[in-house]
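Novice: Contents of run-v7.csv (CSV, C-alpha atoms) are below:
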```
chain,number,residue,atom,x,y,z
A,1,MET,CA,108.6,86.3,70.4
A,2,THR,CA,112.1,87.4,69.3
A,3,LEU,CA,114.4,89.3,71.7
A,4,ARG,CA,114.3,92.3,69.4
A,5,ALA,CA,110.5,92.3,69.4
A,6,PHE,CA,110.5,91.9,73.2
A,7,ARG,CA,112.8,94.9,73.7
A,8,HIS,CA,110.6,96.9,71.4
A,9,ARG,CA,107.5,95.9,73.4
A,10,ILE,CA,109.1,97.0,76.7
A,11,ALA,CA,110.2,100.3,75.2
A,12,LEU,CA,106.6,101.0,74.0
A,13,ALA,CA,104.9,99.6,77.1
A,14,LEU,CA,103.8,103.0,78.4
A,15,THR,CA,102.9,104.3,75.0
A,16,LEU,CA,100.6,101.5,73.8
A,17,GLY,CA,99.6,99.7,77.0
A,18,LEU,CA,101.0,96.4,75.6
A,19,LEU,CA,102.5,95.4,78.9
A,20,SER,CA,99.2,95.1,80.5
A,21,GLY,CA,97.4,93.3,77.7
A,22,MET,CA,94.9,96.2,77.4
A,23,PRO,CA,93.6,97.7,74.2
A,24,LEU,CA,95.9,100.0,72.4
A,25,THR,CA,93.7,102.9,73.3
A,26,ALA,CA,94.5,102.4,77.0
A,27,LEU,CA,97.1,105.2,76.8
A,28,ALA,CA,96.2,108.0,74.5
A,29,THR,CA,99.4,110.0,75.4
A,30,PRO,CA,102.9,108.5,74.9
A,31,TYR,CA,105.6,108.5,77.5
A,32,THR,CA,107.7,111.6,77.5
A,33,PRO,CA,111.1,111.2,79.2
A,34,PRO,CA,112.3,113.8,81.7
A,35,PRO,CA,114.7,116.4,80.3
A,36,GLY,CA,118.4,115.8,80.3
A,37,LEU,CA,120.6,113.0,79.1
A,38,GLY,CA,120.1,109.4,80.0
A,39,LEU,CA,122.3,107.7,82.5
A,40,PRO,CA,124.8,104.9,82.0
A,41,GLY,CA,124.2,101.2,82.9
A,42,PRO,CA,122.6,98.2,81.2
A,43,ARG,CA,118.8,97.8,81.1
A,44,GLU,CA,119.3,94.4,79.7
A,45,GLY,CA,121.5,91.5,80.7
A,46,ALA,CA,124.4,90.7,78.3
A,47,GLY,CA,123.9,87.6,76.2
A,48,THR,CA,122.2,84.2,76.8
A,49,ARG,CA,124.2,81.9,79.0
A,50,GLY,CA,124.3,80.3,82.3
A,51,CYS,CA,121.0,79.8,84.1
A,52,LEU,CA,118.6,81.8,81.9
A,53,PHE,CA,116.5,80.1,79.3
A,54,GLY,CA,113.5,80.7,77.0
A,55,ASP,CA,112.8,83.3,74.3
A,56,PRO,CA,113.6,86.0,75.3
A,57,ALA,CA,116.3,84.7,77.7
A,58,GLN,CA,117.6,88.0,79.1
A,59,LEU,CA,117.1,89.9,82.3
A,60,VAL,CA,115.5,93.2,81.5
A,61,ALA,CA,114.9,96.3,83.7
A,62,LEU,CA,111.6,97.8,82.8
A,63,MET,CA,112.9,101.3,82.1
A,64,PRO,CA,112.5,103.9,79.3
A,65,GLU,CA,115.1,104.3,76.6
A,66,ASN,CA,117.1,106.9,78.5
A,67,ASN,CA,117.2,104.6,81.6
A,68,VAL,CA,115.9,107.3,84.0
A,69,GLY,CA,112.4,108.0,85.2
A,70,TRP,CA,110.6,110.1,87.8
A,71,THR,CA,108.4,109.0,90.7
A,72,THR,CA,106.2,110.8,93.2
A,73,ALA,CA,106.6,108.0,95.7
A,74,ALA,CA,108.9,108.1,98.8
A,75,TYR,CA,109.0,104.3,98.7
A,76,PRO,CA,108.5,103.3,95.1
A,77,ARG,CA,108.3,99.9,93.4
A,78,PHE,CA,110.7,98.6,90.7
A,79,TYR,CA,109.9,96.2,87.9
A,80,TRP,CA,112.0,93.9,85.7
A,81,PHE,CA,111.4,90.9,83.4
A,82,LEU,CA,112.9,87.6,84.6
A,83,PRO,CA,113.1,84.8,82.0
A,84,LEU,CA,112.9,81.1,82.7
A,85,ASN,CA,115.8,80.4,85.1
A,86,THR,CA,117.6,78.1,87.5
A,87,ALA,CA,119.3,80.9,89.4
A,88,SER,CA,120.4,80.3,93.0
A,89,TYR,CA,119.6,83.7,94.3
A,90,ALA,CA,119.2,87.4,93.3
A,91,GLU,CA,120.1,90.7,94.9
A,92,PHE,CA,118.2,94.0,94.7
A,93,VAL,CA,120.0,97.2,95.6
A,94,VAL,CA,119.1,100.9,95.7
A,95,ARG,CA,121.9,103.5,96.0
A,96,TYR,CA,121.8,107.3,96.4
A,97,VAL,CA,124.3,108.9,94.0
A,98,ASP,CA,125.7,112.3,94.9
A,99,ALA,CA,125.2,114.7,92.0
A,100,ASP,CA,128.5,116.5,92.6
A,101,THR,CA,130.9,113.7,93.5
A,102,GLN,CA,129.1,110.7,92.0
A,103,GLU,CA,129.8,108.9,95.2
A,104,GLU,CA,127.3,106.2,96.0
A,105,PHE,CA,125.6,105.5,99.3
A,106,GLU,CA,123.5,102.3,99.8
A,107,VAL,CA,119.9,102.9,100.8
A,108,TYR,CA,118.5,99.4,100.7
A,109,ARG,CA,119.7,95.8,99.8
A,110,THR,CA,117.9,92.5,99.9
A,111,ARG,CA,118.7,89.0,98.7
A,112,PHE,CA,116.0,86.6,97.6
A,113,ALA,CA,115.4,83.3,95.8
A,114,PRO,CA,113.8,84.0,92.4
A,115,ILE,CA,111.0,81.9,91.0
A,116,GLY,CA,111.9,79.7,88.1
A,117,GLU,CA,109.1,80.9,85.9
A,118,ALA,CA,109.3,83.7,83.4
A,119,GLY,CA,107.5,86.9,84.1
A,120,ILE,CA,107.5,90.5,85.5
A,121,VAL,CA,109.0,90.7,89.0
A,122,THR,CA,108.6,93.6,91.4
A,123,LEU,CA,110.1,94.8,94.6
A,124,GLY,CA,109.6,98.0,96.6
A,125,ILE,CA,111.6,99.8,99.2
A,126,PRO,CA,110.0,98.8,102.5
A,127,GLU,CA,108.6,101.5,104.8
A,128,ASP,CA,108.7,99.5,108.0
A,129,LEU,CA,112.4,98.5,108.3
A,130,GLY,CA,113.9,101.9,109.1
A,131,VAL,CA,114.8,102.6,105.5
A,132,LEU,CA,114.9,106.3,104.7
A,133,PRO,CA,112.5,107.5,102.0
A,134,LEU,CA,113.8,108.8,98.7
A,135,SER,CA,114.6,112.5,98.9
A,136,VAL,CA,112.9,114.9,96.5
A,137,GLY,CA,115.3,116.0,93.8
A,138,ASP,CA,117.9,113.3,94.3
A,139,ARG,CA,118.8,110.6,91.9
A,140,TYR,CA,119.2,106.9,92.8
A,141,ARG,CA,120.5,103.9,91.0
A,142,TRP,CA,118.7,100.6,91.4
A,143,GLU,CA,120.1,97.3,90.4
A,144,VAL,CA,119.1,93.6,90.1
A,145,ALA,CA,121.8,91.0,90.1
A,146,LEU,CA,121.3,87.3,89.3
A,147,PHE,CA,123.6,84.6,90.6
A,148,CYS,CA,123.5,81.2,88.9
A,149,GLU,CA,125.3,79.3,91.7
A,150,PRO,CA,125.6,79.8,95.5
A,151,THR,CA,129.3,80.5,95.0
A,152,SER,CA,128.9,82.9,92.0
A,153,ASN,CA,131.0,86.0,92.4
A,154,PRO,CA,130.4,88.3,90.7
A,155,ALA,CA,126.8,87.9,89.5
A,156,GLU,CA,126.4,86.4,86.0
A,157,PHE,CA,123.6,88.9,85.1
A,158,ARG,CA,123.1,92.5,86.2
A,159,VAL,CA,120.7,95.2,85.1
A,160,GLN,CA,120.1,98.7,86.4
A,161,GLY,CA,118.1,101.9,86.1
A,162,TRP,CA,117.9,105.3,87.6
A,163,ILE,CA,115.0,107.0,89.5
A,164,GLU,CA,114.4,110.5,90.8
A,165,ARG,CA,111.7,111.5,93.2
A,166,ARG,CA,109.9,114.7,92.0
A,167,THR,CA,106.9,116.6,93.4
A,168,PRO,CA,104.3,117.2,90.6
A,169,SER,CA,103.9,120.8,89.4
A,170,GLU,CA,100.9,122.6,90.6
A,171,ALA,CA,99.3,122.3,87.2
A,172,LEU,CA,99.9,118.5,87.1
A,173,ALA,CA,98.6,118.1,90.6
A,174,GLU,CA,95.4,119.9,89.7
A,175,GLN,CA,94.9,117.7,86.6
A,176,LEU,CA,95.5,114.5,88.6
A,177,ALA,CA,93.0,115.7,91.2
A,178,VAL,CA,90.2,116.1,88.8
A,179,THR,CA,91.0,113.2,86.4
A,180,ALA,CA,88.1,110.7,86.5
A,181,THR,CA,89.7,107.5,85.2
A,182,GLU,CA,92.8,105.6,86.1
A,183,ALA,CA,93.7,105.3,82.4
A,184,ASP,CA,93.7,109.1,82.1
A,185,ARG,CA,95.9,109.4,85.3
A,186,ILE,CA,98.4,106.9,83.8
A,187,ALA,CA,98.5,109.0,80.6
A,188,LEU,CA,99.1,112.2,82.6
A,189,TYR,CA,102.0,110.6,84.5
A,190,ALA,CA,103.4,109.2,81.3
A,191,SER,CA,103.3,112.4,79.4
A,192,ASN,CA,105.0,114.3,82.3
A,193,GLY,CA,108.0,111.9,82.8
A,194,TYR,CA,106.7,110.0,85.8
A,195,TRP,CA,107.6,106.5,84.4
A,196,PHE,CA,107.3,104.7,87.7
A,197,ASN,CA,103.8,106.1,88.5
A,198,ALA,CA,102.6,105.2,85.0
A,199,LEU,CA,104.1,101.7,85.2
A,200,ASP,CA,102.5,101.2,88.6
A,201,GLY,CA,99.2,102.1,87.1
A,202,LEU,CA,99.5,99.8,84.2
A,203,ILE,CA,100.5,96.9,86.4
A,204,GLN,CA,97.5,97.5,88.6
A,205,GLN,CA,95.2,97.6,85.6
A,206,LYS,CA,96.7,94.4,84.4
A,207,LYS,CA,95.8,92.7,87.7
A,208,ALA,CA,92.2,94.0,87.5
A,209,PHE,CA,91.8,93.3,83.8
```
Render the structure in this file as structure tokens.

Specialist:
Amino acid sequence: MTLRAFRHRIALALTLGLLSGMPLTALATPYTPPPGLGLPGPREGAGTRGCLFGDPAQLVALMPENNVGWTTAAYPRFYWFLPLNTASYAEFVVRYVDADTQEEFEVYRTRFAPIGEAGIVTLGIPEDLGVLPLSVGDRYRWEVALFCEPTSNPAEFRVQGWIERRTPSEALAEQLAVTATEADRIALYASNGYWFNALDGLIQQKKAF
């Protein structure tokens, strides 16, 4: 698969259900981004070099085109594609960004050794380490950085995305409560801008498929 084709596949993951390997009818409703402009920051690592290999050989945050998505979760999960690699370690960081001053405040940070195989990687904000939950209505910037060597500084690869916790409208909550199938719930989340809920659902369906 070419890098261009891979990017296209990620962008359409919630529309077509391709990410989970399910039939194209898995999602009848396409993803609709939240209103407002997208936010800056790379969803894809720049170039092929260092400790990343394969085709594609780029670190990619699983985010929509405008790079911001909603969630209902106080402690959400985040997803990215990690190619074949020999990286020494990786860092995952979530920061609250003040809407008025753009000042950033770290919410959670962890360092880990990535596996060498290519695939979708996920991490969530833990609930049992005294980490504060995401506040409704606030935006947060999440970031994954990959370090090829133990002494690397700064990271050779870095991708990021934005997340905002939202409470579903009364109408959407009623629809979710009476929806019979998980595929329909995913479609509801996708069509209402809840990228992270929809992606969670797709990943869970992939595991059960």

Novice: List every protein, DNA or RNA residue that has an atom no more than 9 Å from (113.0, 94.0, 94.0) in the file's coordinate frame, counting all atoms listed in the file, and report them as a PyMOL selection string.

Specialist: chain A and resi 77-80+91-93+110-112+121-125+143-144

Novice: Return the single residue from A:Gln204, A:Ser169, A:Ser88, A:Asn192 that is closest to Cys148 of chain A, with distances computed using only C-alpha atoms.

Specialist: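 That would be A:Ser88, the residue with the smallest distance to Cys148 of chain A.
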
Novice: Nearest to Thr151 of chain A among A:Thr167, A:Tyr89, A:Val107, A:Glu127, with distances taken over all atoms listed in the file: which residue is it?

Specialist: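 Between A:Thr167, A:Tyr89, A:Val107, A:Glu127, the residue approaching Thr151 of chain A most closely is A:Tyr89.
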
Novice: Near Leu82 of chain A, within 8 Å and counting only C-alpha atoms, which residues show up once chain neighbours fewer than 5 positions away are dropped, as number ranges by chain?

Specialist: A: 58-60, 117-121

Novice: If I take atom CA of Tyr140 of chain A and atom CA of Glu104 of chain A, how far is one from the other in Å, to one decimal?

Specialist: 8.7 Å

Novice: Which is closer to Val68 of chain A than all the others in A:Glu106, A:Asp55, A:Asp138, A:Glu164, using only C-alpha atoms?

Specialist: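 Closest candidate: A:Glu164.
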
Novice: Using atom CA of Leu134 of chain A and atom CA of Val97 of chain A as the two end points, give the distance in Å to one decimal.

Specialist: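 Between atom CA of Leu134 of chain A and atom CA of Val97 of chain A the gap is 11.5 Å.
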
Novice: Work out how far apart atom CA of Leu52 of chain A and atom CA of Thr86 of chain A are and give it in Å to one decimal.

Specialist: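 Computed distance, atom CA of Leu52 of chain A to atom CA of Thr86 of chain A, equals 6.8 Å.
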